Amino acid sequence: MQYMLMNYVQESGWTQLTKAQQTQGLAAYTAYTEAMTKAGILNGIGRLQPSATATTVRLVDGKPQVQDGPFVDSKEQFGGYYVIDVADLDAALSWAARCPAAGHGVVEVRPFWPAS
């Protein structure tokens, strides 16, 4: 099943990082993307189901915290996304928890409409 992992982060946070921190952040996203590519799960874009079908993941004390529904009470912005094809929601949540954005923002996981 296809899922979109939508990354919500504070856009102003990037400009507050040092050049070294920005380089380290880019390296983390590059490694994450390479891991998805190597696992053969990284895909393209498709139509999303309503936001009520969303599940959000954030790291709290290093552990994934899962919340049903969209994460709307935030000052974080939609900054990017990954489209993955995995067996089920649990697999999608596992990949979301590994996303660098989960450590400094939130990752919303939403399934695509099935192909007709």
# chains A, B, ... in the order shown; residues from 1 in each chain; ligands from 1

call {"tool": "residues_around", "arguments": {"residues": "A:Ile41", "least_positions_apart": "6", "cutoff": "9 Å", "atoms": "only C-alpha atoms", "output": "list in words"}}
result
Val83, Ile84, Asp85 and Val86 of chain A

call {"tool": "write_last_selection", "arguments": {"atoms": "all heavy atoms", "output": "short mmCIF file (atom, residue, chain, number, x, y, z; two decimals), in the first residue's frame"}}
result
data_model
loop_
_atom_site.label_atom_id
_atom_site.label_comp_id
_atom_site.auth_asym_id
_atom_site.auth_seq_id
_atom_site.Cartn_x
_atom_site.Cartn_y
_atom_site.Cartn_z
N VAL A 83 6.92 9.45 -0.68
CA VAL A 83 5.86 8.52 -1.03
C VAL A 83 6.48 7.13 -1.01
O VAL A 83 7.49 6.88 -1.67
CB VAL A 83 5.28 8.81 -2.44
CG1 VAL A 83 4.24 7.76 -2.82
CG2 VAL A 83 4.68 10.21 -2.46
N ILE A 84 5.90 6.25 -0.19
CA ILE A 84 6.46 4.91 -0.03
C ILE A 84 5.39 3.86 -0.31
O ILE A 84 4.19 4.12 -0.19
CB ILE A 84 7.06 4.70 1.38
CG1 ILE A 84 6.01 4.88 2.47
CG2 ILE A 84 8.24 5.64 1.59
CD1 ILE A 84 6.51 4.55 3.87
N ASP A 85 5.83 2.66 -0.68
CA ASP A 85 4.93 1.53 -0.90
C ASP A 85 5.38 0.42 0.03
O ASP A 85 6.44 -0.18 -0.17
CB ASP A 85 5.00 1.09 -2.36
CG ASP A 85 3.88 0.14 -2.74
OD1 ASP A 85 3.18 -0.37 -1.84
OD2 ASP A 85 3.71 -0.10 -3.95
N VAL A 86 4.60 0.20 1.08
CA VAL A 86 4.93 -0.78 2.11
C VAL A 86 3.73 -1.68 2.37
O VAL A 86 2.63 -1.41 1.91
CB VAL A 86 5.40 -0.09 3.42
CG1 VAL A 86 6.72 0.63 3.20
CG2 VAL A 86 4.36 0.88 3.94
#

call {"tool": "residues_around", "arguments": {"residues": "A:Ala54", "least_positions_apart": "5", "cutoff": "7 Å", "atoms": "only C-alpha atoms", "output": "list in words"}}
result
Asp68, Gly69, Pro70, Glu108, Val109 and Arg110 of chain A

call {"tool": "select_by_dssp", "arguments": {"residues": "chain A", "states": "alpha helix (DSSP H)", "output": "ChimeraX atom specification"}}
result
/A:12-15,19-39,89-98,101-104

call {"tool": "write_last_selection", "arguments": {"atoms": "C-alpha atoms", "output": "tab-separated table (two decimals), in the first residue's frame"}}
result
chain	number	residue	atom	x	y	z
A	12	SER	CA	12.56	29.40	10.49
A	13	GLY	CA	14.64	26.75	12.26
A	14	TRP	CA	16.84	26.12	9.20
A	15	THR	CA	18.22	29.66	9.08
A	19	LYS	CA	26.56	25.86	8.33
A	20	ALA	CA	27.91	22.67	9.95
A	21	GLN	CA	24.47	21.85	11.42
A	22	GLN	CA	22.84	22.42	8.02
A	23	THR	CA	25.38	20.09	6.40
A	24	GLN	CA	24.70	17.47	9.07
A	25	GLY	CA	20.93	17.86	8.57
A	26	LEU	CA	21.21	17.42	4.81
A	27	ALA	CA	23.38	14.33	5.34
A	28	ALA	CA	20.70	12.80	7.62
A	29	TYR	CA	17.98	13.30	4.99
A	30	THR	CA	20.28	11.97	2.25
A	31	ALA	CA	21.02	8.82	4.27
A	32	TYR	CA	17.30	8.35	5.00
A	33	THR	CA	16.43	8.70	1.32
A	34	GLU	CA	19.19	6.28	0.33
A	35	ALA	CA	17.89	3.73	2.87
A	36	MET	CA	14.41	3.96	1.35
A	37	THR	CA	15.81	3.61	-2.16
A	38	LYS	CA	17.89	0.59	-1.13
A	39	ALA	CA	14.81	-0.99	0.53
A	89	LEU	CA	0.36	1.14	8.26
A	90	ASP	CA	2.73	-0.32	10.85
A	91	ALA	CA	5.54	-0.45	8.27
A	92	ALA	CA	4.77	3.14	7.20
A	93	LEU	CA	4.86	4.29	10.84
A	94	SER	CA	8.19	2.56	11.34
A	95	TRP	CA	9.70	4.45	8.39
A	96	ALA	CA	8.12	7.71	9.62
A	97	ALA	CA	9.76	7.27	13.02
A	98	ARG	CA	13.15	6.97	11.27
A	101	ALA	CA	11.86	15.38	10.61
A	102	ALA	CA	10.34	13.30	13.45
A	103	GLY	CA	13.19	14.50	15.68
A	104	HIS	CA	12.58	18.23	15.14

call {"tool": "closest_residue", "arguments": {"among": "A:Leu17, A:Val107, A:Leu42, A:Ala87", "to": "A:Arg58", "atoms": "only C-alpha atoms"}}
result
A:Val107

call {"tool": "select_by_dssp", "arguments": {"residues": "chain A", "states": "strand (DSSP E)", "output": "ChimeraX atom specification"}}
result
/A:2-9,55-60,63-68,77-85,105-111

call {"tool": "write_last_selection", "arguments": {"atoms": "N, CA and C atoms", "output": "CSV table (one decimal), in the first residue's frame"}}
result
chain,number,residue,atom,x,y,z
A,2,GLN,N,0.4,2.3,-0.7
A,2,GLN,CA,1.2,3.5,-0.8
A,2,GLN,C,0.8,4.5,0.3
A,3,TYR,N,1.8,5.1,0.9
A,3,TYR,CA,1.6,6.1,1.9
A,3,TYR,C,2.5,7.3,1.6
A,4,MET,N,2.0,8.5,2.0
A,4,MET,CA,2.8,9.7,1.9
A,4,MET,C,3.2,10.1,3.3
A,5,LEU,N,4.5,10.3,3.5
A,5,LEU,CA,5.1,10.8,4.7
A,5,LEU,C,5.3,12.2,4.5
A,6,MET,N,4.5,13.1,5.2
A,6,MET,CA,4.6,14.5,5.0
A,6,MET,C,5.3,15.1,6.2
A,7,ASN,N,6.4,15.8,5.9
A,7,ASN,CA,7.2,16.4,7.0
A,7,ASN,C,6.8,17.8,7.3
A,8,TYR,N,6.5,18.0,8.6
A,8,TYR,CA,6.1,19.4,9.0
A,8,TYR,C,7.2,19.8,10.0
A,9,VAL,N,7.9,20.9,9.7
A,9,VAL,CA,8.9,21.4,10.5
A,9,VAL,C,8.8,22.9,10.6
A,55,THR,N,-2.3,9.6,10.3
A,55,THR,CA,-1.7,9.2,11.6
A,55,THR,C,-0.4,10.0,11.7
A,56,THR,N,-0.1,10.6,12.9
A,56,THR,CA,1.1,11.4,13.0
A,56,THR,C,2.1,10.6,14.0
A,57,VAL,N,3.3,10.9,13.7
A,57,VAL,CA,4.4,10.3,14.5
A,57,VAL,C,5.4,11.4,14.9
A,58,ARG,N,5.8,11.4,16.2
A,58,ARG,CA,6.8,12.3,16.6
A,58,ARG,C,7.7,11.5,17.6
A,59,LEU,N,8.9,11.9,17.8
A,59,LEU,CA,9.8,11.2,18.8
A,59,LEU,C,9.6,12.0,20.1
A,60,VAL,N,9.4,11.2,21.2
A,60,VAL,CA,9.3,11.8,22.5
A,60,VAL,C,10.3,11.0,23.4
A,63,LYS,N,11.5,7.9,21.6
A,63,LYS,CA,10.5,6.8,21.3
A,63,LYS,C,9.4,7.4,20.4
A,64,PRO,N,8.9,6.6,19.4
A,64,PRO,CA,7.8,7.1,18.6
A,64,PRO,C,6.5,7.2,19.4
A,65,GLN,N,5.9,8.4,19.2
A,65,GLN,CA,4.5,8.6,19.8
A,65,GLN,C,3.6,8.7,18.6
A,66,VAL,N,2.6,7.8,18.5
A,66,VAL,CA,1.7,7.8,17.4
A,66,VAL,C,0.3,8.4,17.8
A,67,GLN,N,-0.2,9.2,17.0
A,67,GLN,CA,-1.5,9.9,17.2
A,67,GLN,C,-2.4,9.7,16.0
A,68,ASP,N,-3.6,9.3,16.2
A,68,ASP,CA,-4.6,9.2,15.1
A,68,ASP,C,-5.0,10.6,14.7
A,77,GLN,N,5.4,23.8,9.5
A,77,GLN,CA,4.9,23.9,8.2
A,77,GLN,C,5.3,22.7,7.4
A,78,PHE,N,4.5,22.4,6.4
A,78,PHE,CA,4.7,21.3,5.5
A,78,PHE,C,5.9,21.6,4.7
A,79,GLY,N,7.0,20.9,4.9
A,79,GLY,CA,8.3,21.2,4.3
A,79,GLY,C,8.7,20.2,3.2
A,80,GLY,N,8.1,19.1,3.1
A,80,GLY,CA,8.5,18.1,2.1
A,80,GLY,C,7.8,16.8,2.4
A,81,TYR,N,8.1,15.8,1.5
A,81,TYR,CA,7.3,14.5,1.7
A,81,TYR,C,8.1,13.4,1.0
A,82,TYR,N,7.7,12.2,1.4
A,82,TYR,CA,8.2,10.9,0.8
A,82,TYR,C,6.9,10.1,0.5
A,83,VAL,N,6.9,9.4,-0.7
A,83,VAL,CA,5.9,8.5,-1.0
A,83,VAL,C,6.5,7.1,-1.0
A,84,ILE,N,5.9,6.2,-0.2
A,84,ILE,CA,6.5,4.9,0.0
A,84,ILE,C,5.4,3.9,-0.3
A,85,ASP,N,5.8,2.7,-0.7
A,85,ASP,CA,4.9,1.5,-0.9
A,85,ASP,C,5.4,0.4,0.0
A,105,GLY,N,10.3,17.9,14.3
A,105,GLY,CA,9.0,18.4,13.8
A,105,GLY,C,8.1,17.2,14.0
A,106,VAL,N,7.2,17.0,13.0
A,106,VAL,CA,6.3,15.9,13.0
A,106,VAL,C,6.2,15.3,11.6
A,107,VAL,N,5.9,14.0,11.5
A,107,VAL,CA,5.7,13.3,10.3
A,107,VAL,C,4.3,12.8,10.2
A,108,GLU,N,3.5,13.3,9.3
A,108,GLU,CA,2.1,12.8,9.1
A,108,GLU,C,2.1,11.7,8.1
A,109,VAL,N,1.5,10.6,8.4
A,109,VAL,CA,1.4,9.4,7.5
A,109,VAL,C,0.0,9.3,7.0
A,110,ARG,N,-0.2,9.4,5.7
A,110,ARG,CA,-1.5,9.3,5.1
A,110,ARG,C,-1.5,8.3,3.9
A,111,PRO,N,-2.5,7.4,3.9
A,111,PRO,CA,-2.6,6.5,2.8
A,111,PRO,C,-3.2,7.1,1.5
